[in-house]
file coords_8.txt (compact mmCIF, C-alpha atoms)
# COMPACT_ATOMS: atom_id res chain seq x y z
CA MET A 259 -130.37 -197.62 -4.30
CA LYS A 260 -128.91 -197.49 -0.78
CA LYS A 261 -125.44 -197.37 -2.30
CA VAL A 262 -126.39 -194.36 -4.42
CA PHE A 263 -127.67 -192.50 -1.38
CA LYS A 264 -124.47 -193.39 0.48
CA VAL A 265 -122.29 -192.04 -2.35
CA ILE A 266 -124.33 -188.82 -2.63
CA PHE A 267 -124.23 -188.37 1.15
CA PHE A 268 -120.44 -188.58 1.18
CA PHE A 269 -120.23 -186.15 -1.74
CA PHE A 270 -122.35 -183.66 0.21
CA ILE A 271 -120.15 -184.06 3.28
CA GLY A 272 -117.10 -183.39 1.11
CA LEU A 273 -118.84 -180.44 -0.51
CA TYR A 274 -119.68 -178.95 2.88
CA ILE A 275 -116.06 -179.28 4.06
CA VAL A 276 -114.77 -177.55 0.91
CA ILE A 277 -117.39 -174.79 1.23
CA GLN A 278 -116.28 -174.25 4.83
CA LEU A 279 -112.66 -173.99 3.69
CA PHE A 280 -113.67 -171.59 0.90
CA ASP A 281 -115.68 -169.42 3.28
CA SER A 282 -112.87 -169.29 5.83
CA MET A 283 -110.54 -167.96 3.11
CA ASP A 284 -112.37 -164.62 3.05
CA SER A 285 -110.49 -161.82 4.75
CA PRO A 286 -111.70 -161.21 8.32
CA ALA A 287 -114.70 -158.94 8.27
CA GLU A 288 -113.10 -155.57 8.63
CA GLU A 289 -115.87 -153.10 9.44
CA SER A 290 -118.08 -155.33 7.35
CA THR A 291 -121.29 -154.99 9.29
CA GLU A 292 -122.98 -151.63 9.40
CA PHE A 293 -122.07 -148.84 7.08
CA GLU A 294 -123.65 -147.09 4.18
CA THR A 295 -121.86 -146.35 0.96
CA GLU A 296 -121.51 -142.62 0.66
CA ASP A 297 -120.36 -139.81 -1.53
CA ILE A 298 -119.29 -136.67 0.28
CA ASP A 299 -118.57 -133.80 -2.09
CA ARG A 300 -116.78 -130.59 -1.35
CA THR A 301 -116.34 -127.66 -3.70
CA ASP A 302 -113.50 -125.20 -3.14
CA THR A 303 -112.79 -122.10 -5.11
CA LEU A 304 -109.08 -121.53 -5.65
CA GLU A 305 -108.77 -118.17 -7.37
CA GLN A 306 -110.44 -118.83 -10.75
CA GLU A 307 -110.44 -122.58 -10.42
CA LEU A 308 -113.17 -124.71 -8.92
CA MET A 309 -112.00 -127.93 -7.24
CA VAL A 310 -114.49 -130.71 -6.62
CA THR A 311 -113.44 -133.31 -4.06
CA HIS A 312 -115.24 -136.64 -3.94
CA LYS A 313 -114.97 -139.01 -1.01
CA ARG A 314 -116.31 -142.42 -1.98
CA VAL A 315 -117.12 -145.05 0.64
CA TRP A 316 -118.22 -148.41 -0.70
CA ARG A 317 -118.28 -152.16 -0.14
CA ASP A 318 -115.66 -154.25 -1.87
CA HIS A 319 -116.59 -157.69 -3.28
CA ASP A 320 -115.74 -159.32 0.08
CA ASP A 321 -117.97 -156.85 1.97
CA SER A 322 -115.00 -154.86 3.31
CA LYS A 323 -115.36 -151.12 3.73
CA ARG A 324 -113.27 -149.13 1.26
CA GLU A 325 -112.71 -145.41 1.09
CA VAL A 326 -110.94 -143.10 -1.36
CA GLN A 327 -110.84 -139.35 -1.77
CA TYR A 328 -109.77 -137.48 -4.86
CA GLY A 329 -110.14 -134.03 -6.37
CA VAL A 330 -110.76 -132.89 -9.93
CA SER A 331 -110.45 -129.26 -10.96
CA SER A 332 -112.99 -127.67 -13.23
CA LEU A 333 -110.19 -126.76 -15.64
CA THR A 334 -109.13 -130.41 -15.94
CA ASP A 335 -112.74 -131.38 -16.47
CA TYR A 336 -113.14 -128.70 -19.14
CA SER A 337 -109.94 -129.78 -20.89
CA SER A 338 -111.23 -133.34 -21.05
CA PHE A 339 -114.68 -132.22 -22.16
CA TYR A 340 -113.19 -130.00 -24.89
CA PHE A 341 -111.12 -132.86 -26.24
CA ARG A 342 -114.11 -135.21 -26.36
CA ASP A 343 -116.36 -132.57 -27.88
CA THR A 344 -113.98 -131.59 -30.67
CA VAL A 345 -111.90 -134.67 -31.42
CA ASN A 346 -111.87 -135.89 -34.99
CA VAL A 347 -112.26 -139.63 -34.90
CA ALA A 348 -110.56 -141.47 -37.75
CA GLU A 349 -113.11 -143.74 -39.43
CA ASP A 350 -113.12 -146.47 -42.03
CA GLY A 351 -116.88 -146.78 -42.22
CA THR A 352 -117.24 -149.44 -39.53
CA GLU A 353 -118.61 -148.81 -36.07
CA LYS A 354 -115.90 -150.97 -34.53
CA THR A 355 -113.08 -148.79 -35.85
CA PHE A 356 -114.95 -145.66 -34.85
CA TRP A 357 -115.43 -146.76 -31.25
CA HIS A 358 -111.91 -148.18 -31.10
CA ASN A 359 -110.36 -144.87 -32.17
CA PHE A 360 -112.71 -142.85 -29.99
CA TYR A 361 -112.08 -144.87 -26.81
CA LEU A 362 -108.34 -144.90 -27.52
CA GLY A 363 -108.40 -141.11 -27.93
CA LEU A 364 -110.22 -140.67 -24.61
CA TYR A 365 -107.77 -142.99 -22.86
CA THR A 366 -104.70 -141.30 -24.36
CA HIS A 367 -105.93 -137.83 -23.43
CA ASP A 368 -107.06 -138.66 -19.88
CA LYS A 369 -104.58 -141.31 -18.74
CA ASP A 370 -102.44 -138.81 -16.82
CA LEU A 371 -105.41 -136.77 -15.63
CA VAL A 372 -106.89 -139.60 -13.55
CA LYS A 373 -103.76 -139.72 -11.34
CA PRO A 374 -105.46 -138.20 -8.26
CA LEU A 375 -107.85 -141.17 -8.06
CA GLU A 376 -105.12 -143.61 -9.00
CA ASP A 377 -102.89 -142.28 -6.20
CA SER A 378 -105.75 -142.51 -3.73
CA ILE A 379 -106.34 -146.15 -4.77
CA HIS A 380 -102.65 -146.90 -4.26
CA VAL A 381 -102.78 -145.38 -0.76
CA LEU A 382 -105.83 -147.51 0.02
CA ALA A 383 -104.11 -150.61 -1.39
CA GLU A 384 -101.02 -150.05 0.75
CA SER A 385 -102.94 -149.32 3.94
CA ARG A 386 -105.25 -152.35 3.53
CA ASN A 387 -102.63 -154.60 1.98
CA ILE A 388 -104.57 -155.12 -1.25
CA SER A 389 -102.54 -156.28 -4.23
CA GLY A 390 -102.62 -158.34 -7.40
CA GLU A 391 -106.01 -159.47 -8.63
CA GLU A 392 -107.68 -158.27 -5.38
CA LEU A 393 -106.92 -154.70 -6.40
CA VAL A 394 -108.78 -155.21 -9.69
CA TYR A 395 -111.85 -156.25 -7.68
CA THR A 396 -111.47 -153.12 -5.54
CA VAL A 397 -111.22 -150.79 -8.55
CA VAL A 398 -114.17 -152.38 -10.36
CA SER A 399 -116.34 -152.38 -7.21
CA LEU A 400 -115.56 -148.66 -6.75
CA VAL A 401 -116.92 -147.91 -10.23
CA GLN A 402 -119.86 -150.32 -9.84
CA ASP A 403 -120.88 -148.46 -6.68
CA ILE A 404 -121.35 -145.16 -8.54
CA PRO A 405 -125.07 -144.97 -9.46
CA TYR A 406 -125.98 -145.43 -13.10
CA ASN A 407 -126.78 -142.34 -15.20
CA TYR A 408 -127.96 -142.19 -18.79
CA ILE A 409 -125.55 -140.33 -21.05
CA LEU A 410 -127.39 -139.48 -24.25
CA SER A 411 -126.29 -137.98 -27.51
CA ASP A 412 -129.70 -136.35 -27.99
CA ASP A 413 -132.25 -134.61 -25.76
CA SER A 414 -134.51 -137.62 -25.17
CA CYS A 415 -134.08 -137.67 -21.40
CA SER A 416 -137.84 -137.44 -20.98
CA LYS A 417 -138.01 -141.05 -22.21
CA HIS A 418 -135.56 -142.21 -19.53
CA THR A 419 -136.94 -141.26 -16.17
CA ASP A 420 -135.84 -144.19 -14.01
CA HIS A 421 -132.27 -142.89 -13.57
CA PRO A 422 -130.63 -139.47 -13.78
CA CYS A 423 -129.94 -138.47 -17.33
CA VAL A 424 -127.34 -136.24 -19.01
CA PRO A 425 -128.54 -135.15 -22.48
CA ASN A 426 -126.75 -133.84 -25.58
CA GLN A 427 -123.32 -135.36 -25.01
CA ARG A 428 -121.35 -136.05 -28.17
CA TYR A 429 -121.46 -139.78 -28.99
CA GLY A 430 -123.30 -140.44 -25.70
CA VAL A 431 -120.12 -141.03 -23.71
CA LEU A 432 -118.29 -139.03 -21.04
CA SER A 433 -114.52 -139.10 -20.77
CA PRO A 434 -112.84 -140.69 -17.70
CA VAL A 435 -112.13 -137.26 -16.14
CA GLU A 436 -115.67 -136.02 -16.81
CA PHE A 437 -117.01 -139.16 -15.16
CA LEU A 438 -114.79 -138.67 -12.12
CA TYR A 439 -115.84 -135.02 -11.92
CA SER A 440 -119.60 -135.47 -12.36
CA LEU A 441 -119.99 -139.10 -11.19
CA SER A 442 -122.40 -139.57 -14.08
CA GLY A 443 -121.71 -142.59 -16.22
CA ASP A 444 -123.38 -145.14 -18.44
CA CYS A 445 -121.91 -148.45 -19.60
CA ASP A 446 -119.13 -147.33 -21.94
CA THR A 447 -118.28 -144.28 -19.83
CA ARG A 448 -117.54 -146.78 -17.06
CA THR A 449 -115.61 -149.23 -19.20
CA VAL A 450 -113.38 -146.46 -20.59
CA LEU A 451 -112.62 -145.21 -17.05
CA LEU A 452 -111.91 -148.75 -15.83
CA PHE A 453 -109.73 -149.40 -18.85
CA THR A 454 -107.77 -146.20 -18.13
CA LEU A 455 -107.31 -146.93 -14.42
CA LEU A 456 -106.43 -150.60 -14.81
CA LYS A 457 -104.10 -150.01 -17.75
CA ASN A 458 -102.30 -147.29 -15.77
CA MET A 459 -101.96 -149.71 -12.86
CA GLY A 460 -100.32 -152.37 -15.02
CA TYR A 461 -103.23 -154.76 -15.59
CA ASN A 462 -104.59 -156.10 -18.89
CA PRO A 463 -108.07 -154.66 -19.35
CA VAL A 464 -110.17 -155.13 -22.48
CA ILE A 465 -113.28 -153.23 -23.57
CA VAL A 466 -115.90 -155.39 -25.28
CA ASN A 467 -119.02 -153.99 -26.93
CA SER A 468 -122.12 -155.60 -28.32
CA ALA A 469 -124.14 -153.96 -31.07
CA GLN A 470 -126.91 -156.54 -30.63
CA TYR A 471 -127.25 -155.90 -26.90
CA GLY A 472 -126.35 -152.20 -27.11
CA HIS A 473 -123.98 -152.58 -24.18
CA SER A 474 -120.33 -152.25 -23.21
CA MET A 475 -118.47 -154.39 -20.68
CA LEU A 476 -115.03 -154.77 -19.23
CA ALA A 477 -113.05 -158.00 -19.55
CA VAL A 478 -109.98 -158.88 -17.50
CA ASP A 479 -107.64 -161.85 -17.23
CA VAL A 480 -108.03 -162.47 -13.50
CA PRO A 481 -108.08 -166.15 -12.50
CA THR A 482 -111.70 -167.10 -11.83
CA GLU A 483 -114.45 -169.20 -13.42
CA GLY A 484 -117.43 -168.39 -15.60
CA ASP A 485 -117.99 -166.71 -18.98
CA TYR A 486 -114.77 -165.86 -20.80
CA PHE A 487 -113.22 -165.53 -24.23
CA ASP A 488 -109.73 -166.44 -25.36
CA HIS A 489 -107.58 -163.56 -26.53
CA LYS A 490 -103.84 -163.60 -27.21
CA GLY A 491 -103.44 -166.86 -25.30
CA ARG A 492 -105.21 -165.66 -22.16
CA LYS A 493 -108.67 -166.12 -20.73
CA PHE A 494 -110.55 -162.83 -20.36
CA TYR A 495 -113.62 -162.88 -18.12
CA PHE A 496 -116.58 -160.59 -18.77
CA TRP A 497 -117.30 -158.10 -15.99
CA GLU A 498 -120.44 -155.99 -15.72
CA SER A 499 -119.71 -152.53 -14.32
CA THR A 500 -123.06 -150.72 -14.25
CA ALA A 501 -124.31 -152.13 -10.94
CA THR A 502 -122.93 -153.56 -7.70
CA GLY A 503 -122.62 -157.28 -7.03
CA TRP A 504 -121.45 -158.44 -10.44
CA LEU A 505 -118.33 -160.60 -10.38
CA PRO A 506 -115.92 -161.45 -13.21
CA GLY A 507 -117.16 -164.27 -15.41
CA MET A 508 -120.85 -163.43 -14.97
CA LEU A 509 -122.55 -162.49 -18.20
CA PRO A 510 -126.10 -161.29 -17.58
CA PRO A 511 -128.36 -164.13 -18.85
CA GLU A 512 -130.10 -161.83 -21.33
CA MET A 513 -126.70 -161.01 -22.87
CA SER A 514 -125.15 -164.43 -22.72
CA ASN A 515 -124.46 -165.04 -26.41
CA LYS A 516 -120.69 -164.56 -26.57
CA ASP A 517 -120.78 -164.38 -30.37
CA TYR A 518 -122.43 -160.98 -30.04
CA TRP A 519 -119.48 -159.45 -28.18
CA THR A 520 -116.51 -157.84 -29.91
CA ILE A 521 -113.19 -156.60 -28.56
CA ILE A 522 -113.08 -152.86 -29.19
CA LEU A 523 -109.92 -151.97 -27.29
CA ASP A 524 -107.47 -154.34 -25.68
CA TYR A 525 -104.49 -153.73 -23.42
CA GLU A 526 -102.21 -153.50 -26.46
CA TYR A 527 -104.54 -150.90 -28.00
CA GLN A 528 -105.90 -153.27 -30.62
CA ALA A 529 -109.39 -154.34 -31.65
CA ASP A 530 -110.49 -157.85 -32.57
CA PRO A 531 -109.85 -158.08 -36.33
CA THR A 532 -111.98 -161.18 -36.75
CA ARG A 533 -115.35 -159.86 -35.67
CA SER A 534 -117.44 -157.00 -36.96
CA TYR A 535 -119.47 -154.61 -34.84
CA MET B 263 -101.16 -171.42 -6.05
CA ASN B 264 -104.47 -169.55 -5.92
CA THR B 265 -106.10 -171.41 -2.99
CA LYS B 266 -109.52 -169.83 -3.41
CA LEU B 267 -109.64 -170.77 -7.07
CA THR B 268 -108.51 -174.31 -6.21
CA LEU B 269 -111.34 -174.65 -3.69
CA LEU B 270 -113.79 -173.26 -6.26
CA ALA B 271 -112.57 -175.91 -8.71
CA VAL B 272 -113.02 -178.65 -6.06
CA ILE B 273 -116.55 -177.37 -5.39
CA GLU B 274 -117.26 -177.55 -9.13
CA ILE B 275 -115.91 -181.10 -9.36
CA LEU B 276 -117.82 -182.30 -6.28
CA THR B 277 -121.01 -180.61 -7.46
CA ALA B 278 -120.67 -182.18 -10.91
CA LEU B 279 -119.92 -185.62 -9.47
CA SER B 280 -122.78 -185.64 -6.96
CA LEU B 281 -125.06 -184.21 -9.64
CA GLY B 282 -123.95 -186.85 -12.13
CA VAL B 283 -124.35 -189.79 -9.76
CA ALA B 284 -127.79 -188.65 -8.55
CA ILE B 285 -129.19 -187.81 -11.98
CA LEU B 286 -127.87 -190.87 -13.80
CA ALA B 287 -129.00 -193.21 -11.01
CA ALA B 288 -132.48 -191.68 -11.00
CA THR B 289 -132.73 -191.89 -14.81
CA TYR B 290 -131.51 -195.47 -14.87
CA VAL B 291 -133.98 -196.55 -12.18
CA LEU B 292 -136.80 -194.78 -14.02
CA MET B 293 -135.91 -196.40 -17.34
CA LYS B 294 -135.67 -199.81 -15.71
CA TYR B 295 -139.06 -199.29 -14.10
CA ILE B 296 -140.72 -198.13 -17.33
CA GLY B 297 -139.17 -200.93 -19.37
CA LYS B 298 -140.06 -203.67 -16.97
CA LYS B 299 -143.36 -202.61 -15.48
CA ARG B 300 -145.01 -200.72 -18.31
CA TYR B 301 -143.74 -202.42 -21.46
CA ASN B 302 -142.55 -205.73 -20.01
CA ILE B 303 -139.22 -205.47 -21.83
CA ASN B 304 -136.61 -208.10 -21.09
CA GLN B 305 -133.45 -206.87 -19.30
CA ASN B 306 -131.29 -208.47 -22.02
CA ASN B 307 -133.01 -206.47 -24.75
CA GLN B 308 -130.16 -204.74 -26.61
CA ALA B 309 -132.41 -202.26 -28.38
CA PHE B 310 -133.81 -201.05 -25.07
CA GLY B 311 -130.22 -200.86 -23.76
CA ILE B 312 -129.29 -198.53 -26.65
CA LEU B 313 -132.36 -196.39 -25.95
CA THR B 314 -131.52 -196.24 -22.23
CA ALA B 315 -127.91 -195.27 -23.02
CA SER B 316 -129.15 -192.47 -25.30
CA ILE B 317 -131.52 -191.19 -22.65
CA LEU B 318 -128.79 -191.36 -19.97
CA PHE B 319 -126.46 -189.32 -22.19
CA SER B 320 -129.16 -186.80 -23.09
CA VAL B 321 -130.33 -186.29 -19.51
CA GLY B 322 -126.73 -186.03 -18.28
CA TYR B 323 -125.86 -183.56 -21.02
CA LEU B 324 -128.90 -181.37 -20.43
CA VAL B 325 -128.51 -181.36 -16.65
CA SER B 326 -124.76 -180.59 -16.97
CA GLY B 327 -125.88 -177.15 -18.22
CA VAL B 328 -126.87 -176.44 -14.62
CA ILE B 329 -123.28 -176.57 -13.33
CA HIS B 330 -122.23 -173.16 -14.66
CA PRO B 331 -125.31 -171.31 -13.28
CA LEU B 332 -124.85 -173.20 -9.99
CA LEU B 333 -121.27 -171.99 -9.68
CA SER B 334 -122.44 -168.42 -10.37
CA LEU B 335 -125.05 -168.91 -7.65
CA PHE B 336 -122.38 -170.13 -5.24
CA ARG B 337 -120.16 -167.10 -5.94
CA ILE B 338 -123.10 -164.73 -5.43
CA LEU B 339 -124.07 -166.44 -2.17
CA ALA B 340 -120.43 -166.44 -0.98
CA THR B 341 -120.27 -162.62 -1.22
CA ARG B 342 -123.27 -162.31 1.12
CA ASP B 343 -122.91 -161.84 4.85
CA ILE B 344 -124.13 -165.33 5.86
CA SER B 345 -122.59 -168.16 7.88
CA THR B 346 -120.90 -171.15 6.27
CA LEU B 347 -123.78 -173.41 7.25
CA GLN B 348 -126.31 -171.01 5.70
CA LEU B 349 -124.12 -170.79 2.61
CA ALA B 350 -123.91 -174.59 2.28
CA ILE B 351 -127.64 -175.08 2.92
CA SER B 352 -128.60 -172.31 0.49
CA PHE B 353 -126.26 -173.67 -2.19
CA ILE B 354 -127.39 -177.28 -1.82
CA GLY B 355 -131.06 -176.26 -1.45
CA TYR B 356 -131.13 -173.94 -4.45
CA GLY B 357 -128.97 -176.42 -6.34
CA ALA B 358 -131.41 -179.27 -5.69
CA ILE B 359 -134.33 -177.17 -6.99
CA TYR B 360 -132.49 -176.12 -10.15
CA ILE B 361 -131.22 -179.64 -10.81
CA PHE B 362 -134.69 -181.06 -10.34
CA MET B 363 -136.08 -178.51 -12.79
CA ALA B 364 -133.42 -179.35 -15.37
CA PHE B 365 -133.99 -183.07 -14.78
CA VAL B 366 -137.72 -182.76 -15.42
CA VAL B 367 -137.13 -180.70 -18.57
CA ALA B 368 -134.51 -183.22 -19.77
CA LEU B 369 -136.91 -186.14 -19.27
CA LEU B 370 -139.65 -184.22 -21.04
CA VAL B 371 -137.36 -183.59 -24.02
CA CYS B 372 -136.39 -187.28 -24.22
CA PHE B 373 -139.87 -188.70 -23.83
CA LEU B 374 -141.50 -186.10 -26.07
CA GLY B 375 -138.91 -186.96 -28.73
CA VAL B 376 -139.84 -190.65 -28.59
CA ILE B 377 -143.60 -190.00 -28.43
CA ILE B 378 -143.63 -187.48 -31.29
CA TYR B 379 -141.51 -189.69 -33.56
CA ASN B 380 -143.63 -192.66 -32.63
CA TYR B 381 -146.69 -190.66 -33.71
CA ILE B 382 -145.40 -189.22 -36.99
CA THR B 383 -143.61 -192.30 -38.36
CA PRO B 384 -145.54 -195.26 -39.83
CA ILE B 385 -143.83 -197.83 -37.58
CA ASP B 386 -144.49 -198.29 -33.88
CA GLU B 387 -141.05 -197.62 -32.35
CA ILE B 388 -142.00 -198.98 -28.93
CA THR B 389 -143.07 -202.32 -30.37
CA GLU B 390 -139.91 -202.46 -32.50
CA LEU B 391 -137.78 -201.80 -29.42
CA LYS B 392 -139.65 -204.50 -27.59
CA ASN B 393 -138.82 -206.83 -30.51
CA ASN B 394 -135.12 -205.96 -30.08
CA ASN B 395 -134.88 -204.05 -33.39
CA LEU B 396 -131.39 -202.52 -33.14
CA ALA B 397 -131.78 -200.32 -36.22
CA VAL B 398 -134.81 -198.58 -34.74
CA ALA B 399 -133.02 -198.24 -31.38
CA VAL B 400 -130.03 -196.50 -32.99
CA VAL B 401 -132.30 -194.10 -34.92
CA VAL B 402 -134.47 -193.26 -31.89
CA GLY B 403 -131.35 -192.87 -29.75
CA SER B 404 -129.84 -190.49 -32.29
CA ILE B 405 -133.05 -188.47 -32.37
CA ILE B 406 -133.02 -188.13 -28.58
CA ILE B 407 -129.35 -187.11 -28.49
CA THR B 408 -129.83 -184.56 -31.27
CA LEU B 409 -132.85 -183.07 -29.52
CA SER B 410 -130.86 -182.74 -26.30
CA LEU B 411 -128.01 -181.00 -28.14
CA MET B 412 -130.49 -178.59 -29.72
CA THR B 413 -132.31 -177.76 -26.49
CA SER B 414 -129.32 -177.54 -24.13
CA ASP B 415 -128.84 -173.76 -24.50
CA GLY B 416 -132.52 -173.24 -23.72
CA VAL B 417 -132.32 -175.39 -20.59
CA GLU B 418 -129.25 -173.49 -19.39
CA LEU B 419 -130.95 -170.15 -20.01
CA LEU B 420 -134.03 -171.39 -18.15
CA ILE B 421 -131.92 -172.17 -15.08
CA GLU B 422 -129.95 -168.91 -15.45
CA SER B 423 -133.25 -167.02 -15.32
CA PHE B 424 -133.79 -168.29 -11.76
CA ILE B 425 -130.31 -167.36 -10.46
CA PRO B 426 -130.54 -164.27 -8.23
CA TYR B 427 -128.09 -162.19 -10.25
CA PRO B 428 -127.47 -158.59 -9.10
CA ALA B 429 -129.65 -155.82 -10.52
CA MET B 430 -129.01 -155.07 -14.16
CA TYR B 431 -128.32 -151.69 -15.71
CA PRO B 432 -131.47 -150.01 -17.06
CA LYS B 433 -132.58 -150.77 -20.59
call {"tool": "encode", "arguments": {"input": "coords_8.txt", "output": "structure tokens"}}
result
Amino acid sequence: MKKVFKVIFFFFIGLYIVIQLFDSMDSPAEESTEFETEDIDRTDTLEQELMVTHKRVWRDHDDSKREVQYGVSSLTDYSSFYFRDTVNVAEDGTEKTFWHNFYLGLYTHDKDLVKPLEDSIHVLAESRNISGEELVYTVVSLVQDIPYNYILSDDSCSKHTDHPCVPNQRYGVLSPVEFLYSLSGDCDTRTVLLFTLLKNMGYNPVIVNSAQYGHSMLAVDVPTEGDYFDHKGRKFYFWESTATGWLPGMLPPEMSNKDYWTIILDYEYQADPTRSY
Amino acid sequence: MNTKLTLLAVIEILTALSLGVAILAATYVLMKYIGKKRYNINQNNQAFGILTASILFSVGYLVSGVIHPLLSLFRILATRDISTLQLAISFIGYGAIYIFMAFVVALLVCFLGVIIYNYITPIDEITELKNNNLAVAVVVGSIIITLSLMTSDGVELLIESFIPYPAMYPK
């Protein structure tokens, strides 16, 4: 028995040394102590056009302070809203095809309209020397930091009082530009925005939905550990985007059955042909 | 090379190894104690050896379900503003609690399997094992292994439910 204790003791010593190495790998705490995440809005009227400027300050996954500022005009917001509200979605009778075509339509329409935020992220990345997979963490943490809002297709907001609620939105989703303008987003509003941003920035995002769990998540092929699925020879890790603190590869325990998740839109604009939704 | 990922992999390996050694040693000692003290079974009894091997596999398999939640716990703790010592103590402390819980559940599954089958079948499995009946040992061992395979997802979910995951989106 003494030998067992000796072996376990040495394993713990080794574990402690590796943990110390792991912890020392984190970037030095840049302004990591005291600050509040904030959203400072400004509205300017330029002739007939209203310009809303959002300044977001948030904590990245390593506790670093991040800050971006971007503007969205009311005309851009209206253009995006009009597209979403009137688009004819090609259907074949399955929900998967419907959502695939709908998300793809939103992405195609808004991919150039999210440039102001994208440019601001690039400026941040250059000034703080963030690149590669680290930038994916920064982008996702930015979206996670935006408080959750219900986006409903009907007027049942009275049943959802724990978070702000936006009623009567077609299909219960806002487009990426509408989300950036209003900062109101539910699960798939967030995943479509993240897909748009990350795809524009050259990454390989995937949107996965679950009919059983009634939820939408992002999946990315960053190197990490945890819950993943294989797709086109790569490992894609699930990433929850509706709240802060979630890391890639962490499926919420109540949604941990991977058989219930289906690829709706991947980085090559395809859906998973093998699974229904 | 992704150094952080390499260190995470080393942490996973070390956690799994220390977990494996501790759990298997504890199970083996327990089985030896039960066999010798309670049922007076000879150490050369092959049937009891098969049963012990089945229980060792089942306990190891069930407790291995803790590794993934433990790694998630480590990653969550690592994002918090705490010192390395606090991180290591929290990880090892929480880890010990979760492993102990999984260990107890695993033992319960194994022993309940033997007791229930002993009750519902006409033969007395314990006596047969004592008499070195290999056929009975293989059957009881298979039952224990199958039960552990069937309950492993539940054990993992049980441990996951204790991991301090971030707040979830509203239902």
call {"tool": "residues_around", "arguments": {"input": "coords_8.txt", "residues": "Leu374 in chain B", "least_positions_apart": "5", "cutoff": "10 Å", "atoms": "all atoms listed in the file", "output": "PDB file with C-alpha atoms, keeping the file's coordinate frame"}}
result
ATOM      1  CA  ALA B 368    -134.510-183.220 -19.770  1.00  0.00           C
ATOM      2  CA  LEU B 369    -136.910-186.140 -19.270  1.00  0.00           C
ATOM      3  CA  TYR B 379    -141.510-189.690 -33.560  1.00  0.00           C
ATOM      4  CA  ASN B 380    -143.630-192.660 -32.630  1.00  0.00           C
ATOM      5  CA  ILE B 406    -133.020-188.130 -28.580  1.00  0.00           C
ATOM      6  CA  LEU B 409    -132.850-183.070 -29.520  1.00  0.00           C
TER       7      LEU B 409
END
call {"tool": "interface_residues", "arguments": {"input": "coords_8.txt", "of": "chain B", "to": "chain A", "cutoff": "8 Å", "atoms": "all atoms listed in the file", "output": "number ranges by chain"}}
result
B: 266-267, 269-270, 272-273, 276-277, 279-280, 283-284, 287, 330, 333-334, 338, 340-343, 346-347, 349-350, 419, 422-423, 427-432
call {"tool": "closest_residue", "arguments": {"input": "coords_8.txt", "among": "B:Gly297, B:Gly375, B:Pro384, B:Gly357", "to": "Phe424 in chain B", "atoms": "all atoms listed in the file"}}
result
B:Gly357
call {"tool": "atom_distance", "arguments": {"input": "coords_8.txt", "atom1": "CA of Leu396 in chain B", "atom2": "CA of Gly282 in chain B"}}
result
27.2 Å
call {"tool": "closest_residue", "arguments": {"input": "coords_8.txt", "among": "B:Ile344, B:Ser326, B:Asn394, B:Met412", "to": "Gln305 in chain B", "atoms": "all atoms listed in the file"}}
result
B:Asn394
call {"tool": "residues_near_point", "arguments": {"input": "coords_8.txt", "point": "(-105.9, -144.3, 0.6)", "cutoff": "12 Å", "atoms": "only C-alpha atoms", "output": "PDB file with C-alpha atoms, keeping the file's coordinate frame"}}
result
ATOM      1  CA  LYS A 313    -114.970-139.010  -1.010  1.00  0.00           C
ATOM      2  CA  ARG A 314    -116.310-142.420  -1.980  1.00  0.00           C
ATOM      3  CA  VAL A 315    -117.120-145.050   0.640  1.00  0.00           C
ATOM      4  CA  ARG A 324    -113.270-149.130   1.260  1.00  0.00           C
ATOM      5  CA  GLU A 325    -112.710-145.410   1.090  1.00  0.00           C
ATOM      6  CA  VAL A 326    -110.940-143.100  -1.360  1.00  0.00           C
ATOM      7  CA  GLN A 327    -110.840-139.350  -1.770  1.00  0.00           C
ATOM      8  CA  TYR A 328    -109.770-137.480  -4.860  1.00  0.00           C
ATOM      9  CA  PRO A 374    -105.460-138.200  -8.260  1.00  0.00           C
ATOM     10  CA  LEU A 375    -107.850-141.170  -8.060  1.00  0.00           C
ATOM     11  CA  GLU A 376    -105.120-143.610  -9.000  1.00  0.00           C
ATOM     12  CA  ASP A 377    -102.890-142.280  -6.200  1.00  0.00           C
ATOM     13  CA  SER A 378    -105.750-142.510  -3.730  1.00  0.00           C
ATOM     14  CA  ILE A 379    -106.340-146.150  -4.770  1.00  0.00           C
ATOM     15  CA  HIS A 380    -102.650-146.900  -4.260  1.00  0.00           C
ATOM     16  CA  VAL A 381    -102.780-145.380  -0.760  1.00  0.00           C
ATOM     17  CA  LEU A 382    -105.830-147.510   0.020  1.00  0.00           C
ATOM     18  CA  ALA A 383    -104.110-150.610  -1.390  1.00  0.00           C
ATOM     19  CA  GLU A 384    -101.020-150.050   0.750  1.00  0.00           C
ATOM     20  CA  SER A 385    -102.940-149.320   3.940  1.00  0.00           C
ATOM     21  CA  ARG A 386    -105.250-152.350   3.530  1.00  0.00           C
ATOM     22  CA  ASN A 387    -102.630-154.600   1.980  1.00  0.00           C
ATOM     23  CA  ILE A 388    -104.570-155.120  -1.250  1.00  0.00           C
TER      24      ILE A 388
END
call {"tool": "closest_residue", "arguments": {"input": "coords_8.txt", "among": "A:Gln427, A:Tyr439, A:Ile521, A:Glu526", "to": "Gly460 in chain A", "atoms": "only C-alpha atoms"}}
result
A:Glu526
call {"tool": "atom_distance", "arguments": {"input": "coords_8.txt", "atom1": "CA of Pro426 in chain B", "atom2": "CA of Leu335 in chain B"}}
result
7.2 Å
call {"tool": "closest_residue", "arguments": {"input": "coords_8.txt", "among": "B:Met293, B:Ala358, B:Leu281, B:Ile312", "to": "Asn395 in chain B", "atoms": "all atoms listed in the file"}}
result
B:Ile312
